[in-house]
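Asks: To be precise about what I am sending: the file is called data37.cif and holds mmCIF, C-alpha atoms.
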```
data_input
loop_
_atom_site.label_atom_id
_atom_site.label_comp_id
_atom_site.auth_asym_id
_atom_site.auth_seq_id
_atom_site.Cartn_x
_atom_site.Cartn_y
_atom_site.Cartn_z
CA MET A 1 114.45 124.49 74.81
CA ALA A 2 112.19 121.69 73.64
CA LEU A 3 111.74 119.53 70.57
CA ARG A 4 108.04 119.07 69.96
CA PHE A 5 106.15 116.99 67.44
CA SER A 6 102.69 117.26 66.00
CA ASN A 7 101.92 113.79 67.24
CA PRO A 8 100.08 114.39 70.54
CA ILE A 9 101.28 111.17 72.08
CA LEU A 10 104.97 111.89 72.60
CA ARG A 11 107.25 114.90 72.83
CA LEU A 12 110.92 115.27 73.64
CA GLU A 13 112.28 117.93 75.94
CA ALA A 14 115.90 118.88 76.36
CA PRO A 15 117.01 118.94 79.98
CA PRO A 16 116.18 122.05 81.99
CA ARG A 17 118.58 124.63 83.38
CA GLY A 18 120.40 124.89 80.06
CA LEU A 19 121.96 121.44 79.95
CA PRO A 20 122.84 120.96 76.25
CA SER A 21 123.48 117.26 75.95
CA LEU A 22 120.93 115.39 73.85
CA HIS A 23 121.95 112.23 75.63
CA SER A 24 120.14 113.57 78.69
CA THR A 25 116.99 114.24 76.72
CA ARG A 26 113.80 113.43 78.60
CA ALA A 27 111.08 111.48 76.91
CA ILE A 28 107.67 112.60 78.09
CA VAL A 29 104.99 110.24 76.98
CA SER A 30 101.26 110.74 77.25
CA LEU A 31 98.63 108.07 77.09
CA PRO A 32 95.41 108.65 75.16
CA GLN A 33 92.41 110.20 76.92
CA GLY A 34 94.51 112.16 79.36
CA LEU A 35 96.42 109.31 81.00
CA PHE A 36 100.10 109.97 81.60
CA CYS A 37 103.17 107.98 82.55
CA PRO A 38 105.84 109.56 84.76
CA ARG A 39 108.84 110.97 82.91
CA ARG A 40 112.18 109.19 82.90
CA ARG A 41 115.73 110.06 81.90
CA PHE A 42 117.17 108.09 79.05
CA GLU A 43 120.88 107.85 78.52
CA LYS A 44 120.57 105.86 75.32
CA ASN A 45 120.43 107.08 71.74
CA PRO A 46 117.57 109.62 71.48
CA SER A 47 116.95 108.56 67.88
CA LEU A 48 114.91 105.68 69.30
CA PHE A 49 112.43 108.20 70.65
CA LEU A 50 112.53 110.34 67.50
CA THR A 51 111.34 107.25 65.70
CA ALA A 52 108.68 106.62 68.29
CA ALA A 53 107.36 110.16 67.96
CA VAL A 54 105.92 109.48 64.52
CA VAL A 55 104.35 106.15 65.46
CA PRO A 56 100.64 106.64 66.21
CA ALA A 57 99.63 105.95 69.81
CA ALA A 58 103.08 104.85 70.93
CA THR A 59 103.22 104.58 74.68
CA LEU A 60 106.13 104.22 77.01
CA VAL A 61 105.78 102.00 80.06
CA SER A 62 108.51 102.51 82.64
CA SER A 63 109.58 100.41 85.54
CA ASP A 64 111.98 101.21 88.36
CA ASN A 65 114.63 99.31 86.45
CA GLU A 66 115.66 101.68 83.67
CA GLU A 67 116.78 98.77 81.52
CA GLN A 68 113.23 97.45 81.41
CA ASN A 69 111.71 100.48 79.66
CA THR A 70 109.55 99.13 76.90
CA LEU A 71 107.95 100.83 73.92
CA LEU A 72 104.49 99.43 73.29
CA SER A 73 103.43 98.34 69.86
CA PRO A 74 101.40 100.87 67.84
CA ASN A 75 98.83 98.09 67.49
CA ASP A 76 98.21 98.06 71.24
CA SER A 77 94.65 99.03 72.03
CA ASN A 78 93.68 101.43 74.76
CA GLU A 79 92.72 98.40 76.85
CA GLU A 80 96.17 96.93 76.35
CA GLN A 81 97.77 100.21 77.40
CA LYS A 82 95.65 100.31 80.54
CA ARG A 83 96.48 96.69 81.29
CA LYS A 84 100.18 97.48 81.17
CA MET A 85 99.65 100.56 83.31
CA CYS A 86 97.85 98.36 85.84
CA GLU A 87 100.84 96.04 85.90
CA MET A 88 103.25 98.93 86.23
CA TYR A 89 101.40 100.79 89.01
CA GLY A 90 100.01 97.81 90.94
CA PHE A 91 96.36 98.37 89.95
CA THR A 92 93.73 95.86 88.89
CA GLN A 93 91.78 98.39 86.79
CA ILE A 94 92.56 101.80 85.32
CA GLY A 95 89.29 103.61 84.70
CA ASP A 96 88.34 105.56 81.61
CA PRO A 97 88.13 109.35 82.09
CA VAL A 98 84.69 110.44 83.28
CA PRO A 99 83.01 112.45 80.47
CA ASP A 100 82.74 116.20 80.99
CA ASN A 101 78.95 116.15 80.72
CA VAL A 102 78.49 113.70 83.61
CA THR A 103 77.56 115.40 86.88
CA LEU A 104 77.81 114.19 90.45
CA LYS A 105 74.02 114.36 90.62
CA ASP A 106 73.80 111.96 87.66
CA ILE A 107 75.92 109.45 89.55
CA MET A 108 74.07 109.83 92.85
CA GLU A 109 70.71 109.28 91.18
CA THR A 110 71.79 105.78 90.12
CA LEU A 111 72.41 104.72 93.73
CA PRO A 112 69.64 102.78 95.53
CA LYS A 113 67.88 104.87 98.17
CA LYS A 114 68.47 102.17 100.77
CA VAL A 115 72.22 102.84 100.84
CA PHE A 116 71.51 106.25 102.43
CA GLU A 117 69.43 104.79 105.26
CA ILE A 118 70.79 104.99 108.80
CA ASP A 119 70.45 101.76 110.81
CA ASP A 120 71.03 102.27 114.54
CA VAL A 121 71.67 98.57 115.15
CA LYS A 122 74.41 98.44 112.50
CA ALA A 123 75.88 101.71 113.73
CA TRP A 124 76.20 100.52 117.33
CA LYS A 125 77.44 97.15 116.12
CA SER A 126 80.40 98.98 114.61
CA VAL A 127 81.04 100.61 118.01
CA LEU A 128 80.94 97.17 119.65
CA ILE A 129 83.40 95.76 117.09
CA SER A 130 85.85 98.61 117.64
CA ALA A 131 85.59 98.62 121.43
CA SER A 132 85.96 94.85 121.77
CA SER A 133 88.81 94.57 119.23
CA TYR A 134 90.65 97.47 120.90
CA ALA A 135 90.21 95.91 124.34
CA LEU A 136 91.45 92.59 122.96
CA GLY A 137 94.47 94.36 121.54
CA LEU A 138 95.33 95.98 124.87
CA PHE A 139 95.00 92.59 126.56
CA PHE A 140 97.27 91.07 123.92
CA ILE A 141 99.87 93.81 124.55
CA SER A 142 99.75 93.17 128.30
CA LYS A 143 100.37 89.42 127.88
CA ALA A 144 102.56 89.20 124.78
CA PRO A 145 106.27 88.40 125.04
CA TRP A 146 108.51 91.05 123.53
CA TYR A 147 108.83 89.25 120.18
CA LEU A 148 105.04 89.25 119.68
CA LEU A 149 104.55 92.90 120.61
CA PRO A 150 104.76 94.09 116.96
CA LEU A 151 101.79 91.85 116.13
CA ALA A 152 99.89 93.13 119.16
CA TRP A 153 100.62 96.75 118.19
CA ALA A 154 99.56 96.12 114.58
CA TRP A 155 96.23 94.65 115.72
CA THR A 156 95.58 97.38 118.29
CA GLY A 157 96.55 100.20 115.93
CA THR A 158 94.18 98.81 113.31
CA ALA A 159 91.42 98.39 115.90
CA VAL A 160 91.72 101.98 117.13
CA THR A 161 91.51 103.11 113.49
CA GLY A 162 87.96 101.79 113.69
CA PHE A 163 87.24 104.48 116.31
CA PHE A 164 88.36 107.06 113.76
CA VAL A 165 85.96 105.64 111.16
CA ILE A 166 83.07 105.82 113.65
CA GLY A 167 83.89 109.46 114.35
CA HIS A 168 84.22 109.95 110.60
CA ASP A 169 80.64 108.72 110.11
CA CYS A 170 79.47 111.03 112.90
CA ALA A 171 81.13 114.00 111.22
CA HIS A 172 79.31 113.19 107.97
CA LYS A 173 75.97 112.85 109.79
CA SER A 174 75.66 109.23 108.74
CA PHE A 175 75.88 107.57 112.18
CA SER A 176 72.61 108.59 113.83
CA LYS A 177 69.52 110.71 113.23
CA ASN A 178 70.24 112.39 116.56
CA LYS A 179 72.84 115.03 115.68
CA LEU A 180 73.79 115.84 119.28
CA LEU A 181 74.46 112.14 119.87
CA GLU A 182 76.65 112.11 116.77
CA ASP A 183 78.76 114.99 118.07
CA ILE A 184 79.19 113.28 121.45
CA VAL A 185 80.09 109.90 119.95
CA GLY A 186 82.41 111.49 117.39
CA THR A 187 84.24 113.47 120.07
CA LEU A 188 84.63 110.41 122.31
CA ALA A 189 85.74 108.18 119.42
CA PHE A 190 88.51 110.61 118.52
CA LEU A 191 89.83 111.02 122.09
CA PRO A 192 92.11 107.91 122.20
CA LEU A 193 93.73 109.31 119.03
CA ILE A 194 94.06 112.79 120.60
CA TYR A 195 92.35 114.04 117.45
CA PRO A 196 90.16 117.14 117.96
CA TYR A 197 86.82 116.20 116.41
CA GLU A 198 85.40 119.56 115.30
CA PRO A 199 88.61 120.94 113.74
CA TRP A 200 88.99 117.71 111.79
CA ARG A 201 85.33 117.80 110.72
CA PHE A 202 85.57 121.34 109.36
CA LYS A 203 88.73 120.57 107.40
CA HIS A 204 87.45 117.21 106.18
CA ASP A 205 84.25 118.75 104.81
CA ARG A 206 86.42 120.97 102.62
CA HIS A 207 88.36 117.93 101.44
CA HIS A 208 85.10 116.46 100.15
CA ALA A 209 84.01 119.73 98.58
CA LYS A 210 87.41 120.22 96.87
CA THR A 211 88.72 116.68 96.34
CA ASN A 212 91.90 116.63 94.21
CA MET A 213 91.76 120.39 93.78
CA LEU A 214 95.16 122.02 93.96
CA SER A 215 95.61 124.19 97.06
CA GLU A 216 91.97 123.95 98.15
CA ASP A 217 91.99 120.23 99.06
CA THR A 218 92.71 120.04 102.80
CA ALA A 219 93.94 116.45 102.70
CA TRP A 220 97.12 115.90 100.69
CA HIS A 221 98.16 117.23 97.32
CA PRO A 222 101.34 117.23 95.22
CA VAL A 223 104.32 119.28 96.29
CA TRP A 224 104.68 122.67 94.60
CA GLU A 225 107.99 122.99 92.74
CA GLU A 226 108.44 126.54 94.08
CA GLU A 227 108.18 125.21 97.62
CA PHE A 228 110.47 122.31 96.82
CA GLU A 229 113.15 124.63 95.43
CA SER A 230 112.79 127.31 98.12
CA SER A 231 115.53 126.00 100.45
CA THR A 232 117.84 123.03 100.76
CA ALA A 233 116.69 122.18 104.29
CA LEU A 234 113.00 122.26 103.35
CA ARG A 235 113.67 120.23 100.20
CA LYS A 236 115.37 117.49 102.20
CA ALA A 237 112.55 117.46 104.75
CA ILE A 238 109.94 117.19 101.97
CA ILE A 239 111.84 114.32 100.33
CA PHE A 240 111.87 112.37 103.58
CA GLY A 241 108.24 113.24 104.32
CA TYR A 242 106.87 112.25 100.92
CA GLY A 243 109.32 109.35 100.63
CA PRO A 244 110.20 106.94 103.46
CA PHE A 245 108.13 108.73 106.14
CA ARG A 246 105.02 109.04 103.98
CA PRO A 247 103.12 106.28 105.83
CA TRP A 248 103.26 108.50 108.91
CA MET A 249 102.85 111.93 107.28
CA SER A 250 99.37 112.20 108.77
CA ILE A 251 101.10 113.06 112.06
CA ALA A 252 102.39 116.28 110.53
CA HIS A 253 98.97 116.94 108.99
CA TRP A 254 97.29 116.34 112.37
CA LEU A 255 99.65 118.73 114.11
CA LEU A 256 99.66 121.53 111.51
CA TRP A 257 95.98 121.62 110.55
CA HIS A 258 93.97 121.03 113.71
CA PHE A 259 95.39 123.08 116.58
CA ASP A 260 95.87 126.51 115.02
CA LEU A 261 92.77 128.69 115.60
CA LYS A 262 93.86 131.00 112.77
CA LYS A 263 93.01 128.26 110.27
CA PHE A 264 89.30 128.36 111.12
CA ARG A 265 86.43 130.69 110.32
CA PRO A 266 85.06 132.90 113.12
CA ASN A 267 81.81 130.92 113.31
CA GLU A 268 83.81 127.69 113.81
CA ILE A 269 86.05 128.86 116.66
CA GLY A 270 83.63 128.05 119.50
CA ARG A 271 83.21 124.40 118.54
CA VAL A 272 86.93 124.10 117.77
CA LYS A 273 87.79 125.27 121.30
CA ILE A 274 85.45 122.69 122.85
CA SER A 275 87.13 119.89 120.90
CA LEU A 276 90.60 121.13 121.79
CA ALA A 277 89.61 121.28 125.47
CA CYS A 278 88.43 117.65 125.32
CA VAL A 279 91.69 116.51 123.73
CA PHE A 280 93.87 118.37 126.21
CA ALA A 281 91.75 117.02 129.09
CA PHE A 282 92.28 113.48 127.81
CA MET A 283 96.02 114.07 127.62
CA ALA A 284 96.11 115.68 131.08
CA ILE A 285 94.14 112.85 132.72
CA GLY A 286 94.61 109.78 130.53
CA TRP A 287 98.37 109.94 130.00
CA PRO A 288 99.26 110.36 133.71
CA LEU A 289 96.93 107.48 134.58
CA ILE A 290 98.66 105.22 132.06
CA ILE A 291 102.08 106.24 133.39
CA PHE A 292 100.93 105.83 137.01
CA LYS A 293 99.69 102.29 136.34
CA SER A 294 102.41 101.02 133.99
CA GLY A 295 105.21 103.60 133.85
CA ILE A 296 106.71 105.36 130.85
CA VAL A 297 107.31 101.99 129.21
CA GLY A 298 103.60 101.26 129.60
CA TRP A 299 102.69 104.57 127.95
CA PHE A 300 104.98 103.60 125.06
CA LYS A 301 103.50 100.08 124.83
CA PHE A 302 99.81 100.76 125.39
CA TRP A 303 99.35 104.16 123.79
CA LEU A 304 102.18 105.42 121.61
CA MET A 305 102.79 102.33 119.48
CA PRO A 306 99.07 101.70 118.70
CA TRP A 307 98.79 105.44 117.94
CA LEU A 308 101.62 105.15 115.42
CA GLY A 309 99.83 102.11 113.97
CA TYR A 310 96.69 104.21 113.58
CA HIS A 311 98.65 106.92 111.77
CA PHE A 312 100.12 104.30 109.44
CA TRP A 313 96.60 103.45 108.34
CA MET A 314 95.47 107.08 108.32
CA SER A 315 98.36 108.00 106.02
CA THR A 316 98.10 104.88 103.87
CA PHE A 317 94.35 105.11 103.33
CA THR A 318 94.59 108.81 102.49
CA MET A 319 97.39 108.53 99.96
CA VAL A 320 96.08 105.34 98.32
CA HIS A 321 92.56 106.78 97.97
CA HIS A 322 93.63 109.78 95.89
CA THR A 323 97.22 109.34 94.67
CA ALA A 324 98.35 107.62 91.49
CA PRO A 325 100.51 108.64 88.51
CA HIS A 326 97.47 108.80 86.21
CA ILE A 327 95.12 110.73 88.53
CA PRO A 328 95.41 114.52 88.29
CA PHE A 329 95.03 117.32 90.77
CA LYS A 330 93.53 120.34 89.03
CA HIS A 331 93.16 124.07 89.49
CA ALA A 332 89.71 125.29 90.51
CA GLU A 333 88.81 126.60 87.05
CA GLU A 334 89.52 123.18 85.47
CA TRP A 335 88.08 121.04 88.26
CA ASN A 336 85.05 118.80 87.71
CA ALA A 337 83.25 117.29 90.71
CA ALA A 338 82.19 114.04 89.02
CA GLN A 339 85.66 113.45 87.62
CA ALA A 340 87.31 114.13 90.98
CA GLN A 341 84.96 112.07 93.13
CA LEU A 342 84.30 109.11 90.82
CA GLY A 343 87.44 109.01 88.68
CA GLY A 344 89.86 110.64 91.11
CA THR A 345 89.16 108.29 94.01
CA ILE A 346 90.57 104.77 94.19
CA HIS A 347 88.93 101.61 95.49
CA CYS A 348 91.53 99.43 97.21
CA ASN A 349 90.96 95.99 98.67
CA TYR A 350 92.84 95.11 101.88
CA PRO A 351 93.03 91.86 103.86
CA ARG A 352 89.53 91.21 105.17
CA TRP A 353 90.43 91.55 108.86
CA ILE A 354 91.64 95.10 108.18
CA GLU A 355 88.44 95.97 106.33
CA ILE A 356 86.33 94.62 109.21
CA LEU A 357 88.24 96.49 111.92
CA CYS A 358 88.25 99.68 109.83
CA HIS A 359 84.56 99.41 108.86
CA ASP A 360 85.11 99.34 105.08
CA ILE A 361 86.65 102.82 104.88
CA ASN A 362 88.67 101.40 101.97
CA VAL A 363 85.43 101.22 99.92
CA HIS A 364 86.02 104.87 99.27
CA ILE A 365 84.53 105.79 95.90
CA PRO A 366 80.87 105.74 97.05
CA HIS A 367 81.89 107.70 100.13
CA HIS A 368 83.12 110.47 97.83
CA VAL A 369 80.09 110.27 95.60
CA SER A 370 78.01 110.93 98.74
CA PRO A 371 79.52 111.25 102.24
CA ARG A 372 76.03 110.65 103.68
CA ILE A 373 76.29 106.91 102.94
CA PRO A 374 76.95 105.08 106.26
CA SER A 375 80.07 102.93 106.33
CA TYR A 376 78.03 99.70 106.62
CA ASN A 377 76.28 100.52 103.31
CA LEU A 378 79.40 101.36 101.31
CA ARG A 379 79.73 97.89 99.76
CA ALA A 380 76.15 97.88 98.50
CA ALA A 381 76.69 101.36 97.08
CA TYR A 382 79.89 100.26 95.39
CA GLU A 383 78.18 97.30 93.76
CA SER A 384 75.71 99.76 92.27
CA LEU A 385 78.53 101.97 90.99
CA GLN A 386 80.22 98.96 89.43
CA GLN A 387 77.02 98.10 87.57
CA ASN A 388 76.36 101.62 86.31
CA TRP A 389 79.76 103.31 86.12
CA GLY A 390 82.17 100.37 86.24
CA LYS A 391 84.40 101.39 83.34
CA TYR A 392 85.30 104.67 85.04
CA LEU A 393 86.46 103.12 88.32
CA ASN A 394 90.09 102.82 89.45
CA GLU A 395 90.67 99.68 91.48
CA ALA A 396 93.59 98.01 93.21
CA ASN A 397 94.49 95.38 95.74
CA TRP A 398 96.84 96.70 98.39
CA ASN A 399 100.34 95.60 97.40
CA TRP A 400 103.99 96.57 97.54
CA ARG A 401 104.13 97.88 93.97
CA LEU A 402 101.20 100.22 94.58
CA MET A 403 102.92 101.69 97.66
CA LYS A 404 106.28 101.84 95.92
CA THR A 405 104.78 103.71 92.96
CA ILE A 406 103.22 106.34 95.21
CA MET A 407 106.25 106.77 97.46
CA THR A 408 108.86 106.93 94.67
CA THR A 409 107.11 108.77 91.82
CA CYS A 410 104.07 110.78 93.00
CA HIS A 411 105.83 113.88 94.24
CA VAL A 412 105.97 117.32 92.57
CA TYR A 413 103.02 118.82 90.70
CA ASN A 414 103.26 119.20 86.94
CA LYS A 415 100.30 120.22 84.81
CA ASP A 416 101.12 117.97 81.87
CA ARG A 417 102.58 114.93 83.62
CA TYR A 418 100.64 115.25 86.89
CA TYR A 419 103.64 114.21 88.99
CA VAL A 420 107.40 114.60 88.65
CA PRO A 421 109.59 112.42 90.92
CA PHE A 422 111.95 114.17 93.30
CA ASP A 423 114.97 112.50 91.74
CA ASP A 424 114.16 114.08 88.37
CA ILE A 425 114.42 117.55 89.89
CA ALA A 426 117.00 117.17 92.66
CA PRO A 427 118.87 113.87 92.20
CA GLN A 428 121.66 115.04 94.50
CA ASP A 429 119.21 115.19 97.44
CA SER A 430 117.04 112.20 96.55
CA GLN A 431 119.01 109.39 98.15
CA PRO A 432 115.96 108.41 100.29
CA ILE A 433 113.98 107.86 97.09
CA SER A 434 116.80 105.84 95.54
CA PHE A 435 116.89 103.77 98.72
CA LEU A 436 113.16 103.03 98.44
CA LYS A 437 113.47 102.11 94.78
CA HIS A 438 116.27 99.73 95.57
CA PHE A 439 114.99 98.09 98.75
CA MET A 440 111.18 98.19 98.62
CA PRO A 441 109.72 94.96 97.22
CA ASP A 442 108.04 95.23 93.84
CA TYR A 443 105.39 92.53 94.32
CA ALA A 444 101.94 93.24 92.92
#
```
How would this structure read if it were set down as structure tokens?
Replies:
Amino acid sequence: MALRFSNPILRLEAPPRGLPSLHSTRAIVSLPQGLFCPRRRFEKNPSLFLTAAVVPAATLVSSDNEEQNTLLSPNDSNEEQKRKMCEMYGFTQIGDPVPDNVTLKDIMETLPKKVFEIDDVKAWKSVLISASSYALGLFFISKAPWYLLPLAWAWTGTAVTGFFVIGHDCAHKSFSKNKLLEDIVGTLAFLPLIYPYEPWRFKHDRHHAKTNMLSEDTAWHPVWEEEFESSTALRKAIIFGYGPFRPWMSIAHWLLWHFDLKKFRPNEIGRVKISLACVFAFMAIGWPLIIFKSGIVGWFKFWLMPWLGYHFWMSTFTMVHHTAPHIPFKHAEEWNAAQAQLGGTIHCNYPRWIEILCHDINVHIPHHVSPRIPSYNLRAAYESLQQNWGKYLNEANWNWRLMKTIMTTCHVYNKDRYYVPFDDIAPQDSQPISFLKHFMPDYA
């Protein structure tokens, strides 16, 4: 049962599954204009929240420390609420909701035409940067003492992520005007990652067409509660996957989505098979050569560890670009392209060396406004978006609090609250989440 109030800002719900105690009442607090905070359990006197329910525009800001829950003043403006949300989530700006009458075409028409232009010199410069930085990383690995190997692996894993971004541009037809050349370069760029180019391209195109759409988005989306509750073993696996192992969850996505021919349309199968053949050929030839030259330890040092570094960035970029407590995933009938691509995508600044090696893939909002913008033009496109649509943009600098928020709260889908943390639904199985809350730094 639920206690509900006419005030649209706050409602109280008794605990589910028939628990009668009012001392376990959950306060569910919504921000104006569709922004929501995650729910929390409160063991204190619920009369505090009954009082809050009749205060206009009261907003609850929660931290991982339950004792620090703070009720904002009713005099707080929307800007003040967003400022406190920024502090809580690790953002630098929380954007206003994109109006319903704004279309993706409206946004694209404000971009300068030059940002869509393909420049062969800049494109091949990105190839040179990735090839030279990757070669430097392999040299570093070969010469580094054991205690410097983590640094060498971090550099090399980041450098090989640049190959992915080059293939990513090829898949979006923004690398070259020669489409056959794009397919060749894209396939070759993906080979060190043993990523099949065409299967990824087909799935990634659907991610852009259905960004932040429940079920249809082929990247990541919230966990379904029905799936979460379906079995104890699966629930525990999901908790680990979306909790401490989330920075490497792209490995599971790579394995599950790209090698099963049943997941592709009949007209895609031919190209998918060619890509799979290239990947298996690389594994059959490249891996034995590495082992022949440097042994199993060499395969571990020169290939596996940089590959895991790549997947760290693949997972991190993907979840940071589209995951936050205030950004919804929606059903198809409620979905709006402009809201999903402009307001549902996050711009995140990383240390400059990472942005250089990864060819500005973090400048992600213009890429979702139009995937045809080459990576070397993304910054110019973003400057234009800031000038014309700046108040709708979500922005962050990569930090511990941002990662902690995603990994400890953005879990199970809920229509009203967007996300429900695992430990709200299954606290008895959520020790990995409690561990992250306790041990992950909270620096923003």
Asks: Find the residues of range 188-213 of chain A that sit at most 9 Å from range 152-169 of chain A; for each, write down the nearest two atoms and how far apart they are in Å, to one decimal. Count only C-alpha atoms. Sort by chain, then by number going up, and give it as JSON lines.
Replies:
```
{"residue": "A:Leu188", "atom": "CA", "partner": "A:Gly167", "partner_atom": "CA", "distance": 8.1}
{"residue": "A:Ala189", "atom": "CA", "partner": "A:Phe163", "partner_atom": "CA", "distance": 5.1}
{"residue": "A:Phe190", "atom": "CA", "partner": "A:Phe164", "partner_atom": "CA", "distance": 5.9}
{"residue": "A:Pro192", "atom": "CA", "partner": "A:Val160", "partner_atom": "CA", "distance": 7.8}
{"residue": "A:Leu193", "atom": "CA", "partner": "A:Val160", "partner_atom": "CA", "distance": 7.8}
{"residue": "A:Tyr195", "atom": "CA", "partner": "A:Phe164", "partner_atom": "CA", "distance": 8.8}
{"residue": "A:Tyr197", "atom": "CA", "partner": "A:Gly167", "partner_atom": "CA", "distance": 7.6}
{"residue": "A:Arg201", "atom": "CA", "partner": "A:His168", "partner_atom": "CA", "distance": 7.9}
```
Asks: What is the CA of Tyr413 in chain A to CA of Lys82 in chain A distance in Å?
Replies: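 These atoms are spaced 22.4 Å apart.
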Asks: Counting all atoms listed in the file, which residue out of A:Val223, A:Phe140, A:Glu79, A:Thr92 sits closest to Cys348 in chain A?
Replies: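 Closest to Cys348 in chain A of all the choices is A:Thr92.
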Asks: A:Tyr242, A:Phe282, A:Tyr147, A:Trp398: which is nearest Leu436 in chain A, counting only C-alpha atoms?
Replies: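 Of A:Tyr242, A:Phe282, A:Tyr147, A:Trp398, the one nearest Leu436 in chain A, counting only C-alpha atoms, is A:Tyr242.
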Asks: Using only C-alpha atoms, can you tell me which of A:Met88, A:Leu180, A:Ala219, A:Leu128 comes closest to Met249 in chain A?
Replies: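 Of all the options, A:Ala219 lies closest to Met249 in chain A.
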Asks: Mind telling me what the PyMOL selection byres ((chain A and resi 355-359) around 8) catches here, as a ChimeraX atom specification?
Replies: /A:126,129-130,133,158-159,161-162,165,350-354,360-362,375-376
Asks: For the provided coordinates, the residues matched by the PyMOL selection byres ((chain A and resi 422) around 12) should be stated as a ChimeraX atom specification.
Replies: /A:38-40,222-225,228-229,235-243,406-414,419-421,423-434
Asks: Could you give me, as a short mmCIF file (atom, residue, chain, number, x, y, z; two decimals) with C-alpha atoms, keeping the file's coordinate frame, the residues that have an atom at most 12 Å away from the point (75.3, 109.8, 101.8) in the coordinates of the file, using only C-alpha atoms?
Replies:
```cif
data_model
loop_
_atom_site.label_atom_id
_atom_site.label_comp_id
_atom_site.auth_asym_id
_atom_site.auth_seq_id
_atom_site.Cartn_x
_atom_site.Cartn_y
_atom_site.Cartn_z
CA MET A 108 74.07 109.83 92.85
CA GLU A 109 70.71 109.28 91.18
CA LEU A 111 72.41 104.72 93.73
CA PRO A 112 69.64 102.78 95.53
CA LYS A 113 67.88 104.87 98.17
CA LYS A 114 68.47 102.17 100.77
CA VAL A 115 72.22 102.84 100.84
CA PHE A 116 71.51 106.25 102.43
CA GLU A 117 69.43 104.79 105.26
CA ILE A 118 70.79 104.99 108.80
CA ASP A 169 80.64 108.72 110.11
CA CYS A 170 79.47 111.03 112.90
CA ALA A 171 81.13 114.00 111.22
CA HIS A 172 79.31 113.19 107.97
CA LYS A 173 75.97 112.85 109.79
CA SER A 174 75.66 109.23 108.74
CA PHE A 175 75.88 107.57 112.18
CA HIS A 208 85.10 116.46 100.15
CA ILE A 365 84.53 105.79 95.90
CA PRO A 366 80.87 105.74 97.05
CA HIS A 367 81.89 107.70 100.13
CA HIS A 368 83.12 110.47 97.83
CA VAL A 369 80.09 110.27 95.60
CA SER A 370 78.01 110.93 98.74
CA PRO A 371 79.52 111.25 102.24
CA ARG A 372 76.03 110.65 103.68
CA ILE A 373 76.29 106.91 102.94
CA PRO A 374 76.95 105.08 106.26
CA SER A 375 80.07 102.93 106.33
CA TYR A 376 78.03 99.70 106.62
CA ASN A 377 76.28 100.52 103.31
CA LEU A 378 79.40 101.36 101.31
CA ALA A 381 76.69 101.36 97.08
#
```
Asks: Measuring atom to atom with only C-alpha atoms, identify which of A:Lys391, A:Lys293, A:Lys273, A:His364 is nearest to Phe259 in chain A.
Replies: A:Lys273
Asks: In Å, how far is it from CA of Ala284 in chain A to CA of Gly137 in chain A?
Replies: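 Atom-to-atom, CA of Ala284 in chain A to CA of Gly137 in chain A, that is 23.4 Å.
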Asks: On this file, the PyMOL selection byres ((chain A and resi 324) around 8) gives some set of residues; write that set as a PyMOL selection string.
Replies: chain A and resi 89+320+322-323+325-327+405-406+410
Asks: Rounded to one decimal place, report the CA of Asn388 in chain A-CA of Thr110 in chain A distance in Å.
Replies: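 Between these atoms lies a distance of 7.3 Å.
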Asks: Write out as a PyMOL selection string the residues lying within 6 Å of range 94-103 of chain A, counting only C-alpha atoms and excluding same-chain residues fewer than 3 positions away.
Replies: chain A and resi 82+106+338-339+391-394
Asks: For Trp248 in chain A, which of A:Ala380, A:Val297, A:Met314, A:Leu138 is the closest residue, counting all atoms listed in the file?
Replies: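 Under the stated criterion, the closest residue is A:Met314.
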Asks: Please report, as AutoDock Vina command-line options, the centre and edge lengths in Å to one decimal of an axis-aligned box covering all listed atoms of range 173-182 of chain A with 5 Å per side.
Replies:
```
--center_x 73.1 --center_y 111.7 --center_z 114.3 --size_x 17.1 --size_y 18.3 --size_z 21.1
```
Asks: Name the closest residue to Tyr382 in chain A among the candidates A:Leu214, A:Met440, A:Leu256, A:Ile107; distances are taken between atoms, counting only C-alpha atoms.
Replies: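 Nearest candidate to Tyr382 in chain A out of A:Leu214, A:Met440, A:Leu256, A:Ile107: A:Ile107.
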Asks: Would you mind listing what lies within 12 Å of Ser142 in chain A as a compact mmCIF listing (two decimals) with C-alpha atoms, keeping the file's coordinate frame, with only C-alpha atoms counted and same-chain residues fewer than 6 positions away left out?
Replies:
```txt
# COMPACT_ATOMS: atom_id res chain seq x y z
CA ALA A 135 90.21 95.91 124.34
CA LEU A 136 91.45 92.59 122.96
CA LEU A 148 105.04 89.25 119.68
CA LEU A 149 104.55 92.90 120.61
CA ALA A 152 99.89 93.13 119.16
CA TRP A 153 100.62 96.75 118.19
CA THR A 156 95.58 97.38 118.29
CA SER A 294 102.41 101.02 133.99
CA VAL A 297 107.31 101.99 129.21
CA GLY A 298 103.60 101.26 129.60
CA TRP A 299 102.69 104.57 127.95
CA LYS A 301 103.50 100.08 124.83
CA PHE A 302 99.81 100.76 125.39
CA TRP A 303 99.35 104.16 123.79
```
